[in-house]
file input.csv (CSV, C-alpha atoms)
chain,number,residue,atom,x,y,z
E,200,MET,CA,73.3,95.3,97.9
E,201,THR,CA,73.9,92.2,99.9
E,202,THR,CA,76.8,91.7,102.3
E,203,GLN,CA,78.3,89.2,99.9
E,204,GLN,CA,78.2,91.6,96.9
E,205,ALA,CA,79.7,94.3,99.1
E,206,HIS,CA,82.4,91.9,100.2
E,207,PHE,CA,83.3,91.0,96.6
E,208,GLU,CA,83.3,94.7,95.7
E,209,TYR,CA,85.5,95.6,98.6
E,210,LEU,CA,88.1,92.9,97.8
E,211,LEU,CA,88.1,94.1,94.1
E,212,ARG,CA,88.9,97.6,95.3
E,213,LEU,CA,91.8,96.4,97.3
E,214,GLY,CA,93.1,94.1,94.6
E,215,ASP,CA,92.5,96.6,91.7
E,216,ASN,CA,94.4,99.4,93.6
E,217,ALA,CA,97.4,97.1,94.0
E,218,LEU,CA,97.2,95.7,90.4
E,219,ILE,CA,96.8,99.0,88.6
E,220,LEU,CA,99.4,100.9,90.6
E,221,GLY,CA,101.8,97.9,90.3
E,222,HIS,CA,101.3,98.0,86.6
E,223,ARG,CA,101.9,101.7,86.4
E,224,LEU,CA,105.2,101.3,88.3
E,225,SER,CA,106.2,98.4,86.1
E,226,GLU,CA,106.1,100.8,83.2
E,227,TRP,CA,109.3,102.3,84.7
E,228,CYS,CA,111.1,99.0,84.2
E,229,GLY,CA,114.2,99.8,82.1
E,230,HIS,CA,113.4,103.5,82.1
E,231,GLY,CA,114.2,104.5,85.7
E,232,PRO,CA,116.2,107.8,86.1
E,233,VAL,CA,119.1,105.7,87.6
E,234,LEU,CA,119.7,102.0,88.0
E,235,GLU,CA,119.0,102.1,91.7
E,236,GLN,CA,115.6,103.7,91.3
E,237,ASP,CA,114.7,101.5,88.4
E,238,ILE,CA,115.1,98.5,90.7
E,239,ALA,CA,113.4,100.1,93.6
E,240,MET,CA,110.3,101.0,91.6
E,241,THR,CA,110.1,97.6,90.0
E,242,ASN,CA,110.5,96.0,93.4
E,243,ILE,CA,107.5,97.9,94.6
E,244,ALA,CA,105.6,97.0,91.5
E,245,LEU,CA,106.3,93.3,92.2
E,246,ASP,CA,105.1,93.7,95.8
E,247,GLN,CA,101.9,95.2,94.6
E,248,VAL,CA,101.2,92.7,91.8
E,249,GLY,CA,101.8,90.0,94.4
E,250,GLN,CA,99.3,91.6,96.8
E,251,ALA,CA,96.8,92.0,93.9
E,252,ARG,CA,97.1,88.3,93.2
E,253,SER,CA,96.2,87.2,96.7
E,254,LEU,CA,93.4,89.8,97.0
E,255,LEU,CA,91.8,89.0,93.6
E,256,ALA,CA,92.1,85.2,94.2
E,257,HIS,CA,90.2,85.8,97.4
E,258,ALA,CA,87.7,88.0,95.7
E,259,GLY,CA,87.0,85.3,93.2
E,260,LYS,CA,86.3,82.8,95.9
E,261,ILE,CA,83.9,85.2,97.7
E,262,GLU,CA,82.1,85.8,94.4
E,263,GLY,CA,81.7,82.1,93.9
E,264,ARG,CA,81.3,82.2,90.1
E,265,GLY,CA,84.6,80.3,89.3
E,266,ARG,CA,86.6,83.4,88.4
E,267,ASP,CA,90.2,83.1,89.6
E,268,GLU,CA,92.7,86.0,89.9
E,269,ASP,CA,93.8,85.8,86.3
E,270,LYS,CA,90.2,85.9,85.0
E,271,LEU,CA,89.5,88.9,87.2
E,272,ALA,CA,92.7,90.7,86.1
E,273,TYR,CA,92.6,90.0,82.4
E,274,LEU,CA,89.0,89.6,81.5
E,275,ARG,CA,87.3,92.6,83.1
E,276,ASP,CA,86.8,95.8,81.2
E,277,ALA,CA,87.3,99.2,82.6
E,278,TRP,CA,83.8,99.7,83.9
E,279,ALA,CA,84.2,96.6,86.1
E,280,TYR,CA,87.4,97.8,87.7
E,281,ARG,CA,87.2,99.2,91.2
E,282,ASN,CA,90.6,101.0,91.7
E,283,VAL,CA,90.7,104.6,92.9
E,284,LEU,CA,91.3,107.2,90.2
E,285,LEU,CA,94.7,108.2,91.8
E,286,VAL,CA,96.4,104.9,91.0
E,287,GLU,CA,95.5,105.0,87.3
E,288,GLN,CA,97.0,108.4,86.7
E,289,PRO,CA,100.0,108.3,84.3
E,290,ASN,CA,103.6,108.3,85.4
E,291,GLU,CA,104.4,111.6,83.6
E,292,ASP,CA,107.8,112.1,85.3
E,293,PHE,CA,109.6,111.0,88.4
E,294,ALA,CA,107.9,113.7,90.5
E,295,PHE,CA,104.4,112.6,89.4
E,296,THR,CA,105.2,109.0,90.1
E,297,ILE,CA,106.6,109.7,93.5
E,298,VAL,CA,103.8,112.0,94.6
E,299,ARG,CA,101.2,109.6,93.4
E,300,GLN,CA,102.9,106.8,95.2
E,301,PHE,CA,103.2,108.8,98.4
E,302,LEU,CA,99.6,109.9,98.4
E,303,PHE,CA,98.5,106.3,97.9
E,304,ASP,CA,101.0,104.6,100.2
E,305,ALA,CA,100.1,106.8,103.2
E,306,PHE,CA,96.4,105.8,102.8
E,307,ASN,CA,97.2,102.2,102.0
E,308,PHE,CA,99.3,102.0,105.2
E,309,TYR,CA,96.6,103.0,107.6
E,310,LEU,CA,94.0,101.0,105.6
E,311,HIS,CA,96.0,97.8,106.0
E,312,GLU,CA,96.7,98.5,109.7
E,313,GLU,CA,93.0,98.5,110.2
E,314,LEU,CA,92.5,95.4,108.0
E,315,ARG,CA,94.8,93.4,110.3
E,316,SER,CA,91.8,93.1,112.6
E,317,SER,CA,89.3,92.2,109.9
E,318,LYS,CA,86.8,89.4,110.6
E,319,ASP,CA,87.6,87.9,107.2
E,320,ASP,CA,90.5,85.5,108.1
E,321,GLN,CA,92.0,85.5,104.6
E,322,LEU,CA,91.9,89.3,104.3
E,323,ARG,CA,93.4,89.6,107.7
E,324,ALA,CA,96.3,87.3,106.8
E,325,ILE,CA,96.9,89.1,103.5
E,326,ALA,CA,96.9,92.5,105.2
E,327,GLY,CA,99.4,91.3,107.8
E,328,LYS,CA,101.8,90.2,105.2
E,329,SER,CA,101.2,93.2,102.9
E,330,LEU,CA,101.6,95.7,105.7
E,331,LYS,CA,105.4,95.1,106.0
E,332,GLU,CA,105.7,95.8,102.3
E,333,ILE,CA,103.5,98.8,102.4
E,334,ALA,CA,105.5,100.2,105.4
E,335,TYR,CA,108.5,100.1,103.2
E,336,HIS,CA,106.7,101.7,100.2
E,337,LEU,CA,105.6,104.5,102.4
E,338,ARG,CA,109.1,105.0,103.7
E,339,TYR,CA,110.5,105.0,100.2
E,340,SER,CA,108.0,107.5,98.8
E,341,SER,CA,108.1,109.8,101.8
E,342,GLU,CA,111.8,110.0,101.7
E,343,TRP,CA,111.7,111.0,98.1
E,344,VAL,CA,109.0,113.6,98.6
E,345,ILE,CA,111.1,115.2,101.3
E,346,ARG,CA,114.3,115.2,99.2
E,347,LEU,CA,112.8,116.4,96.0
E,348,GLY,CA,110.5,118.9,97.7
E,349,ASP,CA,113.3,120.3,99.8
E,350,GLY,CA,115.8,119.9,96.9
E,351,THR,CA,116.7,122.2,94.1
E,352,GLU,CA,114.4,125.0,92.8
E,353,GLU,CA,113.6,122.8,89.8
E,354,SER,CA,112.8,119.7,91.8
E,355,ARG,CA,110.6,121.6,94.2
E,356,GLN,CA,108.7,123.2,91.4
E,357,LYS,CA,108.1,119.8,89.7
E,358,MET,CA,106.9,118.2,92.9
E,359,GLN,CA,104.6,121.1,93.7
E,360,HIS,CA,103.1,120.8,90.2
E,361,ALA,CA,102.6,117.1,90.6
E,362,LEU,CA,101.0,117.6,94.0
E,363,ASN,CA,98.6,120.2,92.7
E,364,SER,CA,97.6,118.1,89.8
E,365,LEU,CA,97.0,114.9,91.7
E,366,TRP,CA,95.4,116.4,94.8
E,367,LYS,CA,91.9,116.2,93.4
E,368,TYR,CA,92.1,112.4,93.4
E,369,THR,CA,92.8,112.1,97.1
E,370,GLY,CA,89.3,112.8,98.3
E,371,GLU,CA,88.0,109.5,97.0
E,372,LEU,CA,90.5,107.5,99.2
E,373,THR,CA,88.9,108.4,102.5
E,374,ALA,CA,85.3,109.1,101.5
E,375,PRO,CA,83.1,106.2,102.7
E,376,ASP,CA,80.3,104.9,100.5
E,377,GLU,CA,77.7,102.1,100.7
E,378,VAL,CA,80.3,99.3,100.3
E,379,ASP,CA,82.6,100.8,102.9
E,380,GLU,CA,79.7,101.1,105.4
E,381,LEU,CA,78.4,97.6,104.8
E,382,MET,CA,81.9,96.1,105.3
E,383,LEU,CA,82.5,98.2,108.4
E,384,GLU,CA,79.3,96.9,109.9
E,385,ALA,CA,80.2,93.4,109.0
E,386,GLY,CA,83.5,93.8,110.8
E,387,ILE,CA,85.4,93.0,107.5
E,388,GLY,CA,86.3,96.5,106.3
E,389,ALA,CA,88.2,99.4,107.7
E,390,SER,CA,86.8,102.6,109.2
E,391,LEU,CA,87.6,105.4,106.7
E,392,THR,CA,86.5,108.0,109.2
E,393,ARG,CA,89.2,106.7,111.6
E,394,ILE,CA,91.8,106.6,108.8
E,395,LYS,CA,91.1,110.1,107.4
E,396,PRO,CA,92.6,112.2,110.3
E,397,LEU,CA,95.6,109.9,110.4
E,398,TYR,CA,96.1,110.2,106.7
E,399,ASP,CA,95.7,114.0,106.7
E,400,GLU,CA,98.2,114.3,109.5
E,401,LYS,CA,100.8,112.1,107.8
E,402,VAL,CA,100.5,113.9,104.5
E,403,ALA,CA,100.7,117.3,106.2
E,404,ALA,CA,103.8,116.3,108.1
E,405,VAL,CA,105.7,115.0,105.1
E,406,LEU,CA,104.7,117.9,102.9
E,407,LYS,CA,105.8,120.3,105.7
E,408,GLU,CA,109.2,118.6,105.9
E,409,ALA,CA,109.4,118.7,102.1
E,410,THR,CA,108.6,122.5,102.2
E,411,LEU,CA,105.8,121.8,99.8
E,412,GLU,CA,102.5,123.7,100.0
E,413,MET,CA,99.4,121.7,100.8
E,414,PRO,CA,97.0,122.4,97.9
E,415,GLN,CA,93.7,124.2,98.7
E,416,ALA,CA,90.8,121.8,99.4
E,417,GLY,CA,88.9,122.2,96.2
E,418,HIS,CA,86.7,119.9,94.1
E,419,MET,CA,87.5,116.3,94.6
E,420,GLN,CA,87.0,113.9,91.7
E,421,SER,CA,85.5,110.4,92.4
E,422,GLY,CA,84.1,107.5,90.4
E,423,GLY,CA,87.0,105.0,90.5
E,424,LYS,CA,86.2,102.8,93.5
E,425,ASN,CA,82.6,102.6,92.6
E,426,GLY,CA,83.4,102.1,88.9
E,427,LYS,CA,81.0,104.9,87.8
E,428,MET,CA,83.5,107.1,85.9
E,429,HIS,CA,87.2,106.1,85.6
E,430,THR,CA,89.5,108.5,83.9
E,431,GLU,CA,90.5,108.0,80.3
E,432,TYR,CA,93.8,106.4,81.3
E,433,LEU,CA,92.4,103.1,82.7
E,434,GLY,CA,91.4,101.9,79.3
E,435,TYR,CA,94.9,102.3,77.9
E,436,ILE,CA,96.4,100.5,80.9
E,437,LEU,CA,94.0,97.6,80.4
E,438,ALA,CA,94.7,97.5,76.6
E,439,GLU,CA,98.3,96.9,77.3
E,440,MET,CA,97.9,94.7,80.3
E,441,GLN,CA,95.2,92.4,78.8
E,442,PHE,CA,96.4,92.3,75.2
E,443,VAL,CA,97.9,88.8,75.3
E,444,GLN,CA,95.0,87.2,77.1
E,445,ARG,CA,92.5,88.9,74.8
E,446,ALA,CA,94.4,88.0,71.6
E,447,TYR,CA,95.2,84.5,72.6
E,448,PRO,CA,92.5,83.4,75.1
E,449,GLY,CA,93.6,80.9,77.7
E,450,MET,CA,97.2,81.1,76.7
E,451,GLU,CA,99.7,80.0,79.3
E,452,TRP,CA,103.5,79.7,79.4
B,111,MET,CA,118.1,124.1,79.7
B,112,THR,CA,120.3,124.0,82.8
B,113,THR,CA,119.4,120.5,83.9
B,114,LYS,CA,122.2,119.0,85.9
B,115,SER,CA,122.6,115.2,85.8
B,116,ASN,CA,121.8,114.1,89.3
B,117,LYS,CA,123.6,110.9,88.6
B,118,LYS,CA,126.8,112.8,88.3
B,119,ASN,CA,126.3,114.6,91.5
B,120,TRP,CA,125.3,111.6,93.6
B,121,PRO,CA,128.3,110.2,95.5
B,122,LEU,CA,129.3,106.5,95.4
B,123,TRP,CA,128.7,104.3,98.4
B,124,GLU,CA,130.2,101.0,99.3
B,125,ILE,CA,127.7,98.5,100.6
B,126,PHE,CA,128.3,95.9,103.3
B,127,ILE,CA,125.8,93.2,104.2
B,128,ARG,CA,125.6,90.8,107.1
B,129,SER,CA,124.0,87.7,105.7
B,130,LYS,CA,123.0,86.3,109.1
B,131,ASN,CA,123.5,87.0,112.7
B,132,GLY,CA,126.9,85.9,113.9
B,133,LEU,CA,128.7,86.6,110.6
B,134,SER,CA,130.5,89.8,109.9
B,135,HIS,CA,129.4,92.4,107.3
B,136,LYS,CA,130.8,91.6,103.9
B,137,HIS,CA,131.4,94.0,101.0
B,138,VAL,CA,128.9,93.2,98.3
B,139,GLY,CA,129.3,96.1,95.8
B,140,SER,CA,128.7,99.8,95.4
B,141,LEU,CA,125.9,102.1,94.3
B,142,HIS,CA,125.0,105.8,93.9
B,143,ALA,CA,122.8,107.6,96.3
B,144,ALA,CA,122.1,111.2,97.4
B,145,ASP,CA,122.7,110.5,101.1
B,146,ALA,CA,123.3,107.8,103.6
B,147,GLU,CA,119.6,106.9,104.2
B,148,MET,CA,118.9,106.7,100.5
B,149,ALA,CA,122.0,104.5,100.2
B,150,ILE,CA,120.6,102.1,102.7
B,151,GLU,CA,117.2,102.0,100.8
B,152,ASN,CA,118.9,101.5,97.5
B,153,ALA,CA,121.1,98.8,99.0
B,154,ARG,CA,118.0,97.1,100.3
B,155,ASP,CA,116.5,97.1,96.8
B,156,VAL,CA,119.6,96.3,94.8
B,157,TYR,CA,121.4,93.8,97.1
B,158,THR,CA,118.9,92.1,99.4
B,159,ARG,CA,116.1,91.2,97.1
B,160,ARG,CA,116.7,87.5,97.5
B,161,ASN,CA,116.9,87.3,101.3
B,162,GLU,CA,120.6,88.0,101.4
B,163,GLY,CA,120.8,90.0,104.6
B,164,VAL,CA,119.9,90.9,108.1
B,165,SER,CA,121.9,94.1,108.4
B,166,ILE,CA,123.3,96.8,106.0
B,167,TRP,CA,126.2,99.1,106.4
B,168,VAL,CA,126.9,101.9,103.9
B,169,VAL,CA,130.1,103.9,103.7
B,170,GLU,CA,130.8,106.7,101.3
B,171,SER,CA,133.5,105.4,99.0
B,172,LYS,CA,135.7,108.5,99.5
B,173,TYR,CA,136.2,107.6,103.1
B,174,ILE,CA,137.8,104.3,102.3
B,175,THR,CA,141.6,104.4,102.2
B,176,ALA,CA,143.1,101.6,100.2
B,177,SER,CA,146.6,100.2,100.3
B,178,SER,CA,148.6,100.8,97.2
B,179,PRO,CA,149.2,97.9,94.9
B,180,ASN,CA,152.9,98.8,94.5
B,181,GLN,CA,153.4,98.4,98.3
B,182,SER,CA,152.1,94.9,98.3
B,183,GLU,CA,155.6,93.3,98.4
B,184,SER,CA,156.6,95.0,101.6
B,185,LEU,CA,153.1,94.7,103.1
B,186,PHE,CA,152.3,91.1,102.5
B,187,ASP,CA,155.3,89.1,101.4
B,188,PRO,CA,157.1,89.0,104.8
B,189,ALA,CA,154.2,86.9,106.2
B,190,ASP,CA,154.8,84.1,103.6
B,191,ASP,CA,157.5,82.3,105.4
B,192,LYS,CA,156.2,82.6,109.0
B,193,VAL,CA,153.9,79.6,109.3
B,194,TYR,CA,154.1,79.8,113.1
B,195,ARG,CA,151.8,82.8,112.8
B,196,HIS,CA,149.0,80.6,111.5
B,197,PRO,CA,147.0,78.8,114.1
B,198,THR,CA,147.1,75.6,112.1
B,199,PHE,CA,148.3,73.4,115.0
B,200,TYR,CA,145.0,73.3,116.8
B,201,ASN,CA,142.2,70.9,116.3
B,202,LEU,CA,138.9,72.8,116.0
B,203,PRO,CA,135.7,71.1,117.2
B,204,ASP,CA,133.1,70.7,114.5
B,205,GLU,CA,130.7,72.8,116.4
B,206,VAL,CA,132.8,75.9,116.0
B,207,LYS,CA,131.8,77.4,112.6
B,208,HIS,CA,132.8,80.4,110.7
B,209,ILE,CA,136.5,80.4,111.6

call {"tool": "encode", "arguments": {"input": "input.csv", "output": "structure tokens"}}
result
Amino acid sequence: MTTQQAHFEYLLRLGDNALILGHRLSEWCGHGPVLEQDIAMTNIALDQVGQARSLLAHAGKIEGRGRDEDKLAYLRDAWAYRNVLLVEQPNEDFAFTIVRQFLFDAFNFYLHEELRSSKDDQLRAIAGKSLKEIAYHLRYSSEWVIRLGDGTEESRQKMQHALNSLWKYTGELTAPDEVDELMLEAGIGASLTRIKPLYDEKVAAVLKEATLEMPQAGHMQSGGKNGKMHTEYLGYILAEMQFVQRAYPGMEW
Amino acid sequence: MTTKSNKKNWPLWEIFIRSKNGLSHKHVGSLHAADAEMAIENARDVYTRRNEGVSIWVVESKYITASSPNQSESLFDPADDKVYRHPTFYNLPDEVKHI
């Protein structure tokens, strides 16, 4: 793999994480448990789709084959997507949505802190801008994890169930592979080995305050960020997200 | 099922936003939230999405004591005929804003 290929892959990962999680959150639009949370979640969705737009536009330039952010978002099939498995998991209920958000936000926060010193100027600028948004997302999801975990018997049980179910998707976040190593060497990407202890510590601290039990470290599922094996859910997301462009190619409004 | 509606249990909060430094906080509306911190987060999402503010205050609605509408005559009418209480006899320089 050349540095340029790795660079493109790396930006796709960042962009796809933001796009897919943003799309997942947008599914709550009009269905939030209360008005205030409906707006909060769709706000975050908008932040993330905005980040995806900048990242994928940049990825298209690095690739140099004339694909812009819309082509990358709407005309790639599931096997070409590079988001982590965690973000494509379904909303299920508010507990799942919040736990998924928290487990991702905590990682995303430290990741973007590192990316602020990337040698890729454009990526550094995007990271600087996104970090403010991500800091808020992390605050929002942490506060909810704490309140629902340390809430009623029912809310605690739902949160613990969501946490246990989603835990197997957290390993992929901080496990470096070839693309990560190449980008770290090039000074473009973040050091996942530096992020991992920070991430583990943050998650442990919030779970403790939420009186939730950290799941046992068991089998971790991977295959999202390298595109080898996405879960069944990604195809359904893309079917809905890409439908209009697939049915009416090149349509604009 | 013994699910309680959280919405019913969440108290109402009054939201005040300072639109820029130098101005005072202004009442913008109300919302439901579980506690004060969440009320601030909700207010940020509901009322400051278009750059409306630099500072947020939240007050639980039950702590606001309101004047009674049927006292309005005795409270407000006596001020009607006392123009000398209004500082309308000064010329204000243009540089002084927000008065």

call {"tool": "atom_distance", "arguments": {"input": "input.csv", "atom1": "CA of Ala404 in chain E", "atom2": "CA of Glu352 in chain E"}}
result
20.5 Å

call {"tool": "interface_residues", "arguments": {"input": "input.csv", "of": "chain E", "to": "chain B", "cutoff": "12 Å", "atoms": "all atoms listed in the file", "output": "count of residues only"}}
result
32

call {"tool": "atom_distance", "arguments": {"input": "input.csv", "atom1": "CA of Met413 in chain E", "atom2": "CA of Phe306 in chain E"}}
result
16.3 Å

call {"tool": "atom_distance", "arguments": {"input": "input.csv", "atom1": "CA of Ala279 in chain E", "atom2": "CA of Trp366 in chain E"}}
result
24.4 Å

call {"tool": "residues_around", "arguments": {"input": "input.csv", "residues": "range 133-137 of chain B", "least_positions_apart": "5", "cutoff": "8 Å", "atoms": "only C-alpha atoms", "output": "PyMOL selection string"}}
result
chain B and resi 124-128+165-167+208

call {"tool": "residues_around", "arguments": {"input": "input.csv", "residues": "Glu170 in chain B", "least_positions_apart": "5", "cutoff": "8 Å", "atoms": "all atoms listed in the file", "output": "tab-separated table (two decimals) with C-alpha atoms, in the frame of the given file"}}
result
chain	number	residue	atom	x	y	z
B	121	PRO	CA	128.30	110.20	95.50
B	122	LEU	CA	129.30	106.50	95.40
B	123	TRP	CA	128.70	104.30	98.40
B	124	GLU	CA	130.20	101.00	99.30
B	146	ALA	CA	123.30	107.80	103.60

call {"tool": "residues_near_point", "arguments": {"input": "input.csv", "point": "(93.4, 88.4, 105.1)", "cutoff": "12 Å", "atoms": "all atoms listed in the file", "output": "PyMOL selection string"}}
result
chain E and resi 210+213-214+250+253-258+311-330+387-388

call {"tool": "build_atoms", "arguments": {"input": "input.csv", "residues": "range 295-327 of chain E", "atoms": "N, CA and C atoms", "output": "PDB file, in the coordinates of the input"}}
result
ATOM      1  N   PHE E 295     105.779 113.099  89.444  1.00  0.00           N
ATOM      2  CA  PHE E 295     104.400 112.600  89.400  1.00  0.00           C
ATOM      3  C   PHE E 295     104.328 111.199  90.042  1.00  0.00           C
ATOM      4  N   THR E 296     105.259 110.370  89.610  1.00  0.00           N
ATOM      5  CA  THR E 296     105.200 109.000  90.100  1.00  0.00           C
ATOM      6  C   THR E 296     105.423 108.910  91.575  1.00  0.00           C
ATOM      7  N   ILE E 297     106.347 109.720  92.093  1.00  0.00           N
ATOM      8  CA  ILE E 297     106.600 109.700  93.500  1.00  0.00           C
ATOM      9  C   ILE E 297     105.477 110.296  94.333  1.00  0.00           C
ATOM     10  N   VAL E 298     104.918 111.402  93.847  1.00  0.00           N
ATOM     11  CA  VAL E 298     103.800 112.000  94.600  1.00  0.00           C
ATOM     12  C   VAL E 298     102.596 111.095  94.586  1.00  0.00           C
ATOM     13  N   ARG E 299     102.288 110.507  93.446  1.00  0.00           N
ATOM     14  CA  ARG E 299     101.200 109.600  93.400  1.00  0.00           C
ATOM     15  C   ARG E 299     101.388 108.402  94.346  1.00  0.00           C
ATOM     16  N   GLN E 300     102.611 107.898  94.343  1.00  0.00           N
ATOM     17  CA  GLN E 300     102.900 106.800  95.200  1.00  0.00           C
ATOM     18  C   GLN E 300     102.773 107.170  96.692  1.00  0.00           C
ATOM     19  N   PHE E 301     103.288 108.335  97.026  1.00  0.00           N
ATOM     20  CA  PHE E 301     103.200 108.800  98.400  1.00  0.00           C
ATOM     21  C   PHE E 301     101.752 108.971  98.860  1.00  0.00           C
ATOM     22  N   LEU E 302     100.965 109.670  98.022  1.00  0.00           N
ATOM     23  CA  LEU E 302      99.600 109.900  98.400  1.00  0.00           C
ATOM     24  C   LEU E 302      98.801 108.635  98.565  1.00  0.00           C
ATOM     25  N   PHE E 303      99.162 107.630  97.784  1.00  0.00           N
ATOM     26  CA  PHE E 303      98.500 106.300  97.900  1.00  0.00           C
ATOM     27  C   PHE E 303      99.060 105.523  99.088  1.00  0.00           C
ATOM     28  N   ASP E 304     100.376 105.446  99.182  1.00  0.00           N
ATOM     29  CA  ASP E 304     101.000 104.600 100.200  1.00  0.00           C
ATOM     30  C   ASP E 304     100.534 105.040 101.630  1.00  0.00           C
ATOM     31  N   ALA E 305     100.452 106.355 101.859  1.00  0.00           N
ATOM     32  CA  ALA E 305     100.100 106.800 103.200  1.00  0.00           C
ATOM     33  C   ALA E 305      98.671 106.308 103.532  1.00  0.00           C
ATOM     34  N   PHE E 306      97.769 106.369 102.552  1.00  0.00           N
ATOM     35  CA  PHE E 306      96.400 105.800 102.800  1.00  0.00           C
ATOM     36  C   PHE E 306      96.461 104.323 102.939  1.00  0.00           C
ATOM     37  N   ASN E 307      97.173 103.663 102.059  1.00  0.00           N
ATOM     38  CA  ASN E 307      97.200 102.200 102.000  1.00  0.00           C
ATOM     39  C   ASN E 307      97.784 101.659 103.359  1.00  0.00           C
ATOM     40  N   PHE E 308      98.727 102.387 103.927  1.00  0.00           N
ATOM     41  CA  PHE E 308      99.300 102.000 105.200  1.00  0.00           C
ATOM     42  C   PHE E 308      98.310 101.909 106.309  1.00  0.00           C
ATOM     43  N   TYR E 309      97.579 103.016 106.496  1.00  0.00           N
ATOM     44  CA  TYR E 309      96.600 103.000 107.600  1.00  0.00           C
ATOM     45  C   TYR E 309      95.444 102.077 107.296  1.00  0.00           C
ATOM     46  N   LEU E 310      95.107 101.948 106.017  1.00  0.00           N
ATOM     47  CA  LEU E 310      94.000 101.000 105.600  1.00  0.00           C
ATOM     48  C   LEU E 310      94.420  99.584 106.047  1.00  0.00           C
ATOM     49  N   HIS E 311      95.637  99.194 105.733  1.00  0.00           N
ATOM     50  CA  HIS E 311      96.000  97.800 106.000  1.00  0.00           C
ATOM     51  C   HIS E 311      96.262  97.601 107.536  1.00  0.00           C
ATOM     52  N   GLU E 312      96.642  98.673 108.247  1.00  0.00           N
ATOM     53  CA  GLU E 312      96.700  98.500 109.700  1.00  0.00           C
ATOM     54  C   GLU E 312      95.361  98.169 110.265  1.00  0.00           C
ATOM     55  N   GLU E 313      94.323  98.798 109.729  1.00  0.00           N
ATOM     56  CA  GLU E 313      93.000  98.500 110.200  1.00  0.00           C
ATOM     57  C   GLU E 313      92.545  97.082 109.754  1.00  0.00           C
ATOM     58  N   LEU E 314      92.911  96.712 108.555  1.00  0.00           N
ATOM     59  CA  LEU E 314      92.500  95.400 108.000  1.00  0.00           C
ATOM     60  C   LEU E 314      93.100  94.240 108.747  1.00  0.00           C
ATOM     61  N   ARG E 315      94.155  94.515 109.518  1.00  0.00           N
ATOM     62  CA  ARG E 315      94.800  93.400 110.300  1.00  0.00           C
ATOM     63  C   ARG E 315      93.811  92.892 111.351  1.00  0.00           C
ATOM     64  N   SER E 316      92.734  93.642 111.643  1.00  0.00           N
ATOM     65  CA  SER E 316      91.800  93.100 112.600  1.00  0.00           C
ATOM     66  C   SER E 316      90.429  92.801 111.927  1.00  0.00           C
ATOM     67  N   SER E 317      90.479  92.545 110.623  1.00  0.00           N
ATOM     68  CA  SER E 317      89.300  92.200 109.900  1.00  0.00           C
ATOM     69  C   SER E 317      88.739  90.823 110.365  1.00  0.00           C
ATOM     70  N   LYS E 318      87.425  90.656 110.262  1.00  0.00           N
ATOM     71  CA  LYS E 318      86.800  89.400 110.600  1.00  0.00           C
ATOM     72  C   LYS E 318      86.971  88.348 109.496  1.00  0.00           C
ATOM     73  N   ASP E 319      87.363  88.829 108.336  1.00  0.00           N
ATOM     74  CA  ASP E 319      87.600  87.900 107.200  1.00  0.00           C
ATOM     75  C   ASP E 319      89.074  87.398 107.406  1.00  0.00           C
ATOM     76  N   ASP E 320      89.188  86.115 107.769  1.00  0.00           N
ATOM     77  CA  ASP E 320      90.500  85.500 108.100  1.00  0.00           C
ATOM     78  C   ASP E 320      91.525  85.700 106.999  1.00  0.00           C
ATOM     79  N   GLN E 321      91.074  85.418 105.785  1.00  0.00           N
ATOM     80  CA  GLN E 321      92.000  85.500 104.600  1.00  0.00           C
ATOM     81  C   GLN E 321      92.481  86.897 104.410  1.00  0.00           C
ATOM     82  N   LEU E 322      91.540  87.845 104.471  1.00  0.00           N
ATOM     83  CA  LEU E 322      91.900  89.300 104.300  1.00  0.00           C
ATOM     84  C   LEU E 322      92.855  89.712 105.393  1.00  0.00           C
ATOM     85  N   ARG E 323      92.587  89.248 106.616  1.00  0.00           N
ATOM     86  CA  ARG E 323      93.400  89.600 107.700  1.00  0.00           C
ATOM     87  C   ARG E 323      94.871  89.114 107.520  1.00  0.00           C
ATOM     88  N   ALA E 324      94.970  87.884 107.019  1.00  0.00           N
ATOM     89  CA  ALA E 324      96.300  87.300 106.800  1.00  0.00           C
ATOM     90  C   ALA E 324      97.019  88.058 105.648  1.00  0.00           C
ATOM     91  N   ILE E 325      96.291  88.374 104.580  1.00  0.00           N
ATOM     92  CA  ILE E 325      96.900  89.100 103.500  1.00  0.00           C
ATOM     93  C   ILE E 325      97.374  90.489 103.952  1.00  0.00           C
ATOM     94  N   ALA E 326      96.517  91.139 104.760  1.00  0.00           N
ATOM     95  CA  ALA E 326      96.900  92.500 105.200  1.00  0.00           C
ATOM     96  C   ALA E 326      98.102  92.449 106.120  1.00  0.00           C
ATOM     97  N   GLY E 327      98.199  91.420 106.960  1.00  0.00           N
ATOM     98  CA  GLY E 327      99.400  91.300 107.800  1.00  0.00           C
ATOM     99  C   GLY E 327     100.650  91.195 107.057  1.00  0.00           C
TER     100      GLY E 327
END
